[in-house]
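One file, start_22.pdb, carrying PDB, C-alpha atoms, pLDDT in the B column:
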ATOM      1  CA  ILE A   1      11.419  22.840   2.065  1.00 68.00           C
ATOM      2  CA  GLU A   2      13.223  21.233  -0.876  1.00 72.00           C
ATOM      3  CA  ILE A   3      11.676  17.771  -0.970  1.00 83.00           C
ATOM      4  CA  VAL A   4       8.242  16.458  -0.014  1.00 88.00           C
ATOM      5  CA  ARG A   5       8.090  12.691   0.406  1.00 91.00           C
ATOM      6  CA  LEU A   6       4.726  10.962   0.167  1.00 94.00           C
ATOM      7  CA  ALA A   7       3.689   7.670   1.683  1.00 94.00           C
ATOM      8  CA  GLN A   8       1.856   5.096  -0.457  1.00 95.00           C
ATOM      9  CA  LEU A   9      -1.074   6.867  -2.091  1.00 96.00           C
ATOM     10  CA  ALA A  10      -4.438   5.122  -1.905  1.00 97.00           C
ATOM     11  CA  GLY A  11      -7.649   5.639  -3.868  1.00 97.00           C
ATOM     12  CA  ALA A  12      -9.629   8.868  -3.977  1.00 97.00           C
ATOM     13  CA  ARG A  13     -11.633   9.729  -0.882  1.00 95.00           C
ATOM     14  CA  ARG A  14     -15.084   9.692  -2.499  1.00 95.00           C
ATOM     15  CA  SER A  15     -14.818   7.567  -5.626  1.00 97.00           C
ATOM     16  CA  GLY A  16     -12.076   5.171  -4.549  1.00 97.00           C
ATOM     17  CA  ALA A  17     -10.300   5.817  -7.870  1.00 98.00           C
ATOM     18  CA  TRP A  18      -7.017   3.903  -7.775  1.00 97.00           C
ATOM     19  CA  LYS A  19      -5.124   2.714 -10.848  1.00 96.00           C
ATOM     20  CA  ALA A  20      -5.638  -1.042 -11.017  1.00 95.00           C
ATOM     21  CA  THR A  21      -2.097  -1.783 -12.230  1.00 94.00           C
ATOM     22  CA  GLU A  22      -0.412  -0.496  -9.057  1.00 96.00           C
ATOM     23  CA  TRP A  23       0.954  -3.012  -6.579  1.00 95.00           C
ATOM     24  CA  VAL A  24      -1.877  -2.975  -4.024  1.00 96.00           C
ATOM     25  CA  PRO A  25      -4.689  -3.446  -6.572  1.00 96.00           C
ATOM     26  CA  SER A  26      -2.591  -6.037  -8.407  1.00 96.00           C
ATOM     27  CA  LEU A  27      -2.078  -7.992  -5.197  1.00 96.00           C
ATOM     28  CA  VAL A  28      -5.772  -7.952  -4.302  1.00 97.00           C
ATOM     29  CA  LEU A  29      -7.090  -8.635  -7.797  1.00 95.00           C
ATOM     30  CA  GLY A  30      -4.458 -11.301  -8.332  1.00 95.00           C
ATOM     31  CA  SER A  31      -5.757 -13.058  -5.255  1.00 96.00           C
ATOM     32  CA  ALA A  32      -9.425 -12.929  -6.206  1.00 94.00           C
ATOM     33  CA  CYS A  33      -9.555 -13.328 -10.004  1.00 91.00           C
ATOM     34  CA  LYS A  34     -10.653 -16.544 -11.722  1.00 88.00           C
ATOM     35  CA  ASN A  35      -7.085 -17.817 -11.967  1.00 89.00           C
ATOM     36  CA  GLY A  36      -5.954 -16.160  -8.767  1.00 94.00           C
ATOM     37  CA  THR A  37      -4.207 -17.450  -5.684  1.00 95.00           C
ATOM     38  CA  GLY A  38      -7.523 -17.814  -3.877  1.00 95.00           C
ATOM     39  CA  CYS A  39      -6.067 -16.229  -0.749  1.00 97.00           C
ATOM     40  CA  LEU A  40      -4.609 -12.980   0.552  1.00 97.00           C
ATOM     41  CA  PRO A  41      -1.199 -12.562   2.223  1.00 95.00           C
ATOM     42  CA  LEU A  42      -0.784 -11.938   5.938  1.00 91.00           C
ATOM     43  CA  LEU A  43       1.958  -9.604   7.123  1.00 88.00           C
ATOM     44  CA  ASN A  44       2.686  -7.940  10.436  1.00 83.00           C
ATOM     45  CA  GLY A  45       2.826  -4.196  10.784  1.00 86.00           C
ATOM     46  CA  ARG A  46       0.774  -1.130   9.992  1.00 91.00           C
ATOM     47  CA  VAL A  47       0.286   0.894   6.826  1.00 94.00           C
ATOM     48  CA  THR A  48       0.232   4.670   6.456  1.00 95.00           C
ATOM     49  CA  TRP A  49      -1.464   4.777   3.048  1.00 96.00           C
ATOM     50  CA  LEU A  50      -3.014   8.161   2.395  1.00 97.00           C
ATOM     51  CA  ASP A  51      -5.870   8.858  -0.006  1.00 97.00           C
ATOM     52  CA  VAL A  52      -4.886  11.136  -2.882  1.00 97.00           C
ATOM     53  CA  ASP A  53      -7.242  13.910  -1.765  1.00 97.00           C
ATOM     54  CA  SER A  54      -5.709  14.162   1.699  1.00 97.00           C
ATOM     55  CA  ALA A  55      -2.227  13.967   0.209  1.00 96.00           C
ATOM     56  CA  ALA A  56      -3.009  16.823  -2.188  1.00 96.00           C
ATOM     57  CA  GLU A  57      -4.404  18.931   0.652  1.00 96.00           C
ATOM     58  CA  ALA A  58      -1.279  18.300   2.710  1.00 94.00           C
ATOM     59  CA  VAL A  59       0.977  19.324  -0.193  1.00 93.00           C
ATOM     60  CA  VAL A  60      -1.013  22.547  -0.607  1.00 93.00           C
ATOM     61  CA  ASP A  61      -0.562  23.180   3.115  1.00 91.00           C
ATOM     62  CA  ALA A  62       3.164  22.583   2.745  1.00 88.00           C
ATOM     63  CA  VAL A  63       3.459  24.999  -0.164  1.00 86.00           C
ATOM     64  CA  ALA A  64       1.599  27.659   1.799  1.00 86.00           C
ATOM     65  CA  LEU A  65       3.825  27.013   4.804  1.00 78.00           C
ATOM     66  CA  ASP A  66       6.980  27.363   2.730  1.00 68.00           C
ATOM     67  CA  ALA A  67       5.727  30.484   0.953  1.00 67.00           C
ATOM     68  CA  ALA A  68       5.080  32.078   4.333  1.00 61.00           C
ATOM     69  CA  GLY A  69       8.621  31.240   5.453  1.00 59.00           C
ATOM     70  CA  ALA A  70       7.254  29.186   8.316  1.00 54.00           C
ATOM     71  CA  SER A  71       9.269  26.010   7.768  1.00 54.00           C
ATOM     72  CA  ALA A  72      10.710  25.118  11.139  1.00 50.00           C
ATOM     73  CA  GLU A  73      14.480  25.267  11.511  1.00 51.00           C
ATOM     74  CA  GLY A  74      14.991  25.473   7.746  1.00 53.00           C
ATOM     75  CA  ALA A  75      13.714  21.916   7.250  1.00 60.00           C
ATOM     76  CA  ARG A  76      14.677  20.538   3.844  1.00 69.00           C
ATOM     77  CA  PHE A  77      12.461  17.450   3.890  1.00 79.00           C
ATOM     78  CA  LEU A  78       8.820  16.982   4.710  1.00 86.00           C
ATOM     79  CA  HIS A  79       7.163  13.577   5.080  1.00 91.00           C
ATOM     80  CA  ILE A  80       3.454  13.221   4.385  1.00 94.00           C
ATOM     81  CA  ALA A  81       1.729  10.033   5.518  1.00 95.00           C
ATOM     82  CA  HIS A  82      -1.461   8.978   7.257  1.00 96.00           C
ATOM     83  CA  PRO A  83      -1.281  10.090  10.900  1.00 95.00           C
ATOM     84  CA  ASN A  84      -3.331   7.109  12.085  1.00 96.00           C
ATOM     85  CA  PRO A  85      -1.746   3.899  10.742  1.00 94.00           C
ATOM     86  CA  VAL A  86      -3.925   0.818  10.421  1.00 95.00           C
ATOM     87  CA  PRO A  87      -2.828  -2.829  10.703  1.00 94.00           C
ATOM     88  CA  TRP A  88      -2.263  -4.605   7.392  1.00 94.00           C
ATOM     89  CA  THR A  89      -4.421  -7.423   8.760  1.00 95.00           C
ATOM     90  CA  THR A  90      -7.391  -5.057   9.134  1.00 96.00           C
ATOM     91  CA  LEU A  91      -7.380  -4.174   5.443  1.00 97.00           C
ATOM     92  CA  MET A  92      -6.679  -7.718   4.259  1.00 96.00           C
ATOM     93  CA  SER A  93      -9.512  -9.064   6.410  1.00 96.00           C
ATOM     94  CA  ALA A  94     -11.859  -6.457   4.939  1.00 96.00           C
ATOM     95  CA  PHE A  95     -10.788  -7.386   1.418  1.00 97.00           C
ATOM     96  CA  ALA A  96     -11.235 -11.078   2.197  1.00 96.00           C
ATOM     97  CA  ALA A  97     -14.805 -10.468   3.399  1.00 94.00           C
ATOM     98  CA  HIS A  98     -15.697  -8.431   0.310  1.00 92.00           C
ATOM     99  CA  LEU A  99     -14.161 -10.965  -2.044  1.00 92.00           C
ATOM    100  CA  GLY A 100     -16.288 -13.938  -1.123  1.00 88.00           C
ATOM    101  CA  GLY A 101     -14.530 -14.974   2.047  1.00 86.00           C
ATOM    102  CA  LEU A 102     -10.994 -15.532   0.781  1.00 93.00           C
ATOM    103  CA  SER A 103      -8.618 -17.079   3.281  1.00 95.00           C
ATOM    104  CA  VAL A 104      -5.678 -15.079   4.652  1.00 95.00           C
ATOM    105  CA  VAL A 105      -2.423 -17.047   4.661  1.00 95.00           C
ATOM    106  CA  SER A 106       1.238 -16.381   5.300  1.00 92.00           C
ATOM    107  CA  TYR A 107       3.036 -14.246   2.758  1.00 92.00           C
ATOM    108  CA  GLY A 108       5.281 -17.163   1.857  1.00 91.00           C
ATOM    109  CA  GLU A 109       2.303 -19.385   1.072  1.00 94.00           C
ATOM    110  CA  TRP A 110       0.630 -16.669  -0.984  1.00 95.00           C
ATOM    111  CA  LEU A 111       3.814 -16.017  -2.950  1.00 94.00           C
ATOM    112  CA  ALA A 112       4.306 -19.737  -3.603  1.00 94.00           C
ATOM    113  CA  LYS A 113       0.827 -19.939  -5.109  1.00 95.00           C
ATOM    114  CA  LEU A 114       1.579 -16.934  -7.305  1.00 95.00           C
ATOM    115  CA  GLU A 115       4.802 -18.529  -8.514  1.00 94.00           C
ATOM    116  CA  GLU A 116       2.884 -21.712  -9.360  1.00 93.00           C
ATOM    117  CA  LEU A 117       0.550 -19.637 -11.497  1.00 92.00           C
ATOM    118  CA  SER A 118       3.559 -18.045 -13.184  1.00 90.00           C
ATOM    119  CA  SER A 119       4.806 -21.469 -14.239  1.00 86.00           C
ATOM    120  CA  ALA A 120       1.348 -22.568 -15.369  1.00 77.00           C
ATOM    121  CA  HIS A 121       0.938 -19.501 -17.589  1.00 65.00           C
ATOM    122  CA  GLU A 122       4.564 -19.519 -18.732  1.00 56.00           C
ATOM    123  CA  VAL A 123       4.976 -15.969 -17.458  1.00 49.00           C
ATOM    124  CA  THR A 124       8.662 -15.592 -16.723  1.00 44.00           C
ATOM    125  CA  SER A 125       9.063 -11.835 -16.514  1.00 43.00           C
ATOM    126  CA  ILE A 126       7.265  -8.558 -16.023  1.00 43.00           C
ATOM    127  CA  SER A 127       7.343  -7.912 -19.776  1.00 44.00           C
ATOM    128  CA  THR A 128       5.784 -11.220 -20.785  1.00 45.00           C
ATOM    129  CA  ALA A 129       3.013 -10.773 -18.241  1.00 43.00           C
ATOM    130  CA  ALA A 130       2.296  -7.251 -19.406  1.00 45.00           C
ATOM    131  CA  GLU A 131       2.401  -8.140 -23.085  1.00 45.00           C
ATOM    132  CA  SER A 132       0.595 -11.465 -22.953  1.00 43.00           C
ATOM    133  CA  GLY A 133      -2.891  -9.979 -22.860  1.00 44.00           C
ATOM    134  CA  LYS A 134      -4.257 -13.453 -22.252  1.00 53.00           C
ATOM    135  CA  GLU A 135      -7.648 -13.612 -20.665  1.00 57.00           C
ATOM    136  CA  GLY A 136      -7.419 -15.112 -17.224  1.00 64.00           C
ATOM    137  CA  VAL A 137      -3.738 -14.300 -16.629  1.00 78.00           C
ATOM    138  CA  ASN A 138      -3.360 -13.200 -13.035  1.00 90.00           C
ATOM    139  CA  PRO A 139      -2.694  -9.410 -12.888  1.00 93.00           C
ATOM    140  CA  ALA A 140      -0.284  -9.884  -9.971  1.00 95.00           C
ATOM    141  CA  LEU A 141       2.070 -11.835 -12.243  1.00 95.00           C
ATOM    142  CA  ARG A 142       3.142  -8.590 -13.885  1.00 93.00           C
ATOM    143  CA  LEU A 143       4.702  -7.637 -10.546  1.00 95.00           C
ATOM    144  CA  LEU A 144       5.933 -11.077  -9.505  1.00 95.00           C
ATOM    145  CA  GLU A 145       9.576 -10.017  -9.157  1.00 94.00           C
ATOM    146  CA  PHE A 146       8.515  -7.012  -7.107  1.00 93.00           C
ATOM    147  CA  PHE A 147       6.464  -9.179  -4.738  1.00 94.00           C
ATOM    148  CA  LYS A 148       9.361 -11.611  -4.384  1.00 91.00           C
ATOM    149  CA  ALA A 149      11.944  -8.912  -3.646  1.00 90.00           C
ATOM    150  CA  ARG A 150       9.868  -6.719  -1.345  1.00 82.00           C
ATOM    151  CA  GLY A 151       8.382  -9.636   0.527  1.00 75.00           C
ATOM    152  CA  GLN A 152      11.810 -11.120   1.172  1.00 76.00           C
ATOM    153  CA  LEU A 153      13.019  -7.782   2.534  1.00 72.00           C
ATOM    154  CA  HIS A 154      10.103  -7.660   4.963  1.00 66.00           C
ATOM    155  CA  LEU A 155      10.495 -11.274   6.071  1.00 67.00           C
ATOM    156  CA  THR A 156      14.257 -10.926   6.521  1.00 68.00           C
ATOM    157  CA  ALA A 157      13.852  -7.841   8.702  1.00 62.00           C
ATOM    158  CA  ALA A 158      11.213  -9.604  10.789  1.00 61.00           C
ATOM    159  CA  ALA A 159      13.392 -12.691  11.279  1.00 62.00           C
ATOM    160  CA  ASN A 160      16.618 -10.856  12.112  1.00 60.00           C
ATOM    161  CA  ASP A 161      15.376  -8.239  14.542  1.00 55.00           C
ATOM    162  CA  SER A 162      13.792  -9.624  17.681  1.00 48.00           C
ATOM    163  CA  ASN A 163      13.151  -6.185  19.197  1.00 48.00           C
ATOM    164  CA  ASP A 164      11.327  -4.963  16.074  1.00 55.00           C
ATOM    165  CA  GLU A 165      13.756  -2.087  15.522  1.00 52.00           C
ATOM    166  CA  ALA A 166      14.209  -2.924  11.847  1.00 53.00           C
ATOM    167  CA  MET A 167      10.505  -3.558  11.385  1.00 55.00           C
ATOM    168  CA  SER A 168       9.708  -0.113  12.768  1.00 62.00           C
ATOM    169  CA  MET A 169      11.450   1.328   9.707  1.00 69.00           C
ATOM    170  CA  LEU A 170       9.365  -0.717   7.276  1.00 76.00           C
ATOM    171  CA  GLU A 171       5.736  -1.103   6.381  1.00 85.00           C
ATOM    172  CA  PRO A 172       4.295  -4.476   5.384  1.00 86.00           C
ATOM    173  CA  ILE A 173       5.812  -5.870   2.166  1.00 82.00           C
ATOM    174  CA  GLY A 174       9.072  -4.133   2.955  1.00 73.00           C
ATOM    175  CA  MET A 175       8.150  -0.614   1.898  1.00 77.00           C
ATOM    176  CA  PRO A 176      10.055   2.120   3.792  1.00 81.00           C
ATOM    177  CA  ARG A 177       8.077   3.959   6.469  1.00 86.00           C
ATOM    178  CA  LEU A 178       8.131   7.746   6.446  1.00 88.00           C
ATOM    179  CA  ALA A 179       8.514   9.332   9.866  1.00 83.00           C
ATOM    180  CA  LEU A 180       5.631  11.710  10.515  1.00 86.00           C
ATOM    181  CA  THR A 181       6.761  14.205  13.146  1.00 85.00           C
ATOM    182  CA  ALA A 182       4.707  16.178  15.637  1.00 87.00           C
ATOM    183  CA  HIS A 183       5.933  19.340  13.937  1.00 83.00           C
ATOM    184  CA  THR A 184       4.543  18.167  10.605  1.00 86.00           C
ATOM    185  CA  LEU A 185       1.142  17.533  12.146  1.00 89.00           C
ATOM    186  CA  ASP A 186       1.163  20.937  13.813  1.00 87.00           C
ATOM    187  CA  ALA A 187       2.255  22.670  10.622  1.00 86.00           C
ATOM    188  CA  LEU A 188      -0.142  21.001   8.166  1.00 92.00           C
ATOM    189  CA  PRO A 189      -3.796  21.649   9.104  1.00 94.00           C
ATOM    190  CA  SER A 190      -5.198  18.907   6.872  1.00 95.00           C
ATOM    191  CA  LEU A 191      -3.094  16.151   8.457  1.00 95.00           C
ATOM    192  CA  HIS A 192      -3.700  17.582  11.902  1.00 95.00           C
ATOM    193  CA  ALA A 193      -7.463  17.368  11.306  1.00 96.00           C
ATOM    194  CA  LEU A 194      -7.118  13.698  10.280  1.00 95.00           C
ATOM    195  CA  ALA A 195      -5.088  12.941  13.380  1.00 95.00           C
ATOM    196  CA  VAL A 196      -7.509  14.675  15.744  1.00 95.00           C
ATOM    197  CA  ALA A 197     -10.528  12.996  14.130  1.00 95.00           C
ATOM    198  CA  GLY A 198      -8.918   9.596  14.599  1.00 95.00           C
ATOM    199  CA  ALA A 199      -9.717   8.778  10.971  1.00 92.00           C
ATOM    200  CA  GLN A 200      -8.376   5.450   9.700  1.00 95.00           C
ATOM    201  CA  LEU A 201      -8.640   3.416   6.546  1.00 96.00           C
ATOM    202  CA  GLY A 202     -11.191   0.620   6.843  1.00 96.00           C
ATOM    203  CA  LYS A 203     -14.091  -1.299   5.345  1.00 96.00           C
ATOM    204  CA  GLU A 204     -15.685   1.670   3.577  1.00 97.00           C
ATOM    205  CA  ASP A 205     -12.436   2.473   1.808  1.00 97.00           C
ATOM    206  CA  VAL A 206     -11.999  -1.156   0.790  1.00 97.00           C
ATOM    207  CA  GLU A 207     -15.508  -1.178  -0.691  1.00 97.00           C
ATOM    208  CA  LYS A 208     -14.793   1.969  -2.722  1.00 97.00           C
ATOM    209  CA  TRP A 209     -11.462   0.665  -4.014  1.00 98.00           C
ATOM    210  CA  LYS A 210     -12.933  -2.689  -4.968  1.00 95.00           C
ATOM    211  CA  SER A 211     -15.842  -1.049  -6.783  1.00 96.00           C
ATOM    212  CA  TRP A 212     -13.477   1.151  -8.761  1.00 97.00           C
ATOM    213  CA  TRP A 213     -11.223  -1.741  -9.787  1.00 95.00           C
ATOM    214  CA  GLU A 214     -14.253  -3.694 -11.018  1.00 89.00           C
ATOM    215  CA  ARG A 215     -15.503  -0.907 -13.273  1.00 87.00           C
TER     216      ARG A 215
END
Could I get this file's structure written as structure tokens?
Amino acid sequence: IEIVRLAQLAGARRSGAWKATEWVPSLVLGSACKNGTGCLPLLNGRVTWLDVDSAAEAVVDAVALDAAGASAEGARFLHIAHPNPVPWTTLMSAFAAHLGGLSVVSYGEWLAKLEELSSAHEVTSISTAAESGKEGVNPALRLLEFFKARGQLHLTAAANDSNDEAMSMLEPIGMPRLALTAHTLDALPSLHALAVAGAQLGKEDVEKWKSWWER
């Protein structure tokens, strides 16, 4: 194995530790803060986010597999992602409930509200948002261009592919989906255990993440 590709990493299994400046925390906090959008974005599709502990265990499994010369058919790439994807709507609904009952609206509506905030705070770029340091500036504004570009990619794929072929290659917000093969699950005990247990991200994870971001 030459390259191990990881899906989006989520917060730690027990503590929920997740750097608040990453795109997922920024999106959530930017929706709920005092000068936030007041809503969360709705997107179709499922996410394969994997907590950092499970990801680390899977990488250790992969190293052991490679050291033992057990990589099937000389595989050069190995994808590590959550074996039990969860709908984006499930996580956004959980966040909405834990954030005082925020509404969940279309991605376009959410993005429009964020752009309005950008104009109100005179934040015109990632650098000005990051350097402003102004109290009350929405943390999602630092990644405004990212949200615009990735969201457009997702929406374009959804609009142009009626049989969902293009969407099957993307996760919500236009992030590429890593194909998790049956061989990978068989070869990596930690991921196999997750798959067999039927474990999925849900309300408890959302609570842990939120608590960590509010520290």
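Remark: for Val137 (chain A), the closest of the candidate residues A:Leu201, A:Ala193, A:Leu29, A:Val60 is A:Leu29 (distances computed over all atoms listed in the file).
With only C-alpha atoms as the basis for measurement, A:Thr48 is the residue among A:Thr21, A:Gln152, A:Asn84, A:Thr48 that approaches Ala7 (chain A) most closely.
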Distance query Asn44 (chain A) at most 7 Å, all atoms listed in the file, self and fewer than 2 positions along chain excluded, as a PyMOL selection string: chain A and resi 42+88+172
Spatial sel., origin (-10.1, 1.9, 6.8), limit 10 Å, all atoms listed in the file, listed as an NGL selection string: :A and (49 or 85-87 or 90-91 or 94 or 199-207)
Distance criterion (only C-alpha atoms): nearest to Val28 (chain A) out of A:Ala62, A:Leu99, A:Lys208, A:Gly16: A:Leu99
Neighbours of point (-3.9, 13.3, -1.7) within 10 Å, using all atoms listed in the file, written as a list in words: Leu6, Leu9, Ala10, Gly11, Ala12, Arg13, Leu50, Asp51, Val52, Asp53, Ser54, Ala55, Ala56, Glu57, Ala58, Val59, Val60, Ile80 and Ala81 of chain A
So that I can check the surroundings of Leu141 (chain A), please list as a PDB file with C-alpha atoms, in the coordinates of the input every protein, DNA and RNA residue that reaches within 7 Å of it, counting only C-alpha atoms and ignoring chain neighbours fewer than 2 positions away.
ATOM      1  CA  SER A 118       3.559 -18.045 -13.184  1.00 90.00           C
ATOM      2  CA  ALA A 129       3.013 -10.773 -18.241  1.00 43.00           C
ATOM      3  CA  ASN A 138      -3.360 -13.200 -13.035  1.00 90.00           C
ATOM      4  CA  PRO A 139      -2.694  -9.410 -12.888  1.00 93.00           C
ATOM      5  CA  LEU A 143       4.702  -7.637 -10.546  1.00 95.00           C
ATOM      6  CA  LEU A 144       5.933 -11.077  -9.505  1.00 95.00           C
TER       7      LEU A 144
END
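Evaluated against this file, the PyMOL selection byres ((chain A and resi 182) around 12) yields Ala72, Leu78, His79, Ile80, Pro83, Ala179, Leu180, Thr181, His183, Thr184, Leu185, Asp186, Ala187, Leu188, Leu191, His192 and Ala195 of chain A.
The coordinates place CA of Arg177 (chain A) at 24.6 Å from CA of Glu109 (chain A).
Going from CA of Leu117 (chain A) to CA of Ala97 (chain A) covers 23.3 Å.
Among A:Glu115, A:Gly38, A:Ser211, A:Gln8, the residue with the shortest atom-to-atom distance to Ser103 (chain A), counting only C-alpha atoms, is A:Gly38.
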Coordinates-based distance that separates CA of Ala20 (chain A) from CA of Trp212 (chain A) (Å, one decimal): 8.4 Å
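Each of A:Pro189, A:Trp213, A:Glu171, A:Val104 was checked against Leu65 (chain A) using only C-alpha atoms; the smallest atom-to-atom distance is that of A:Pro189.
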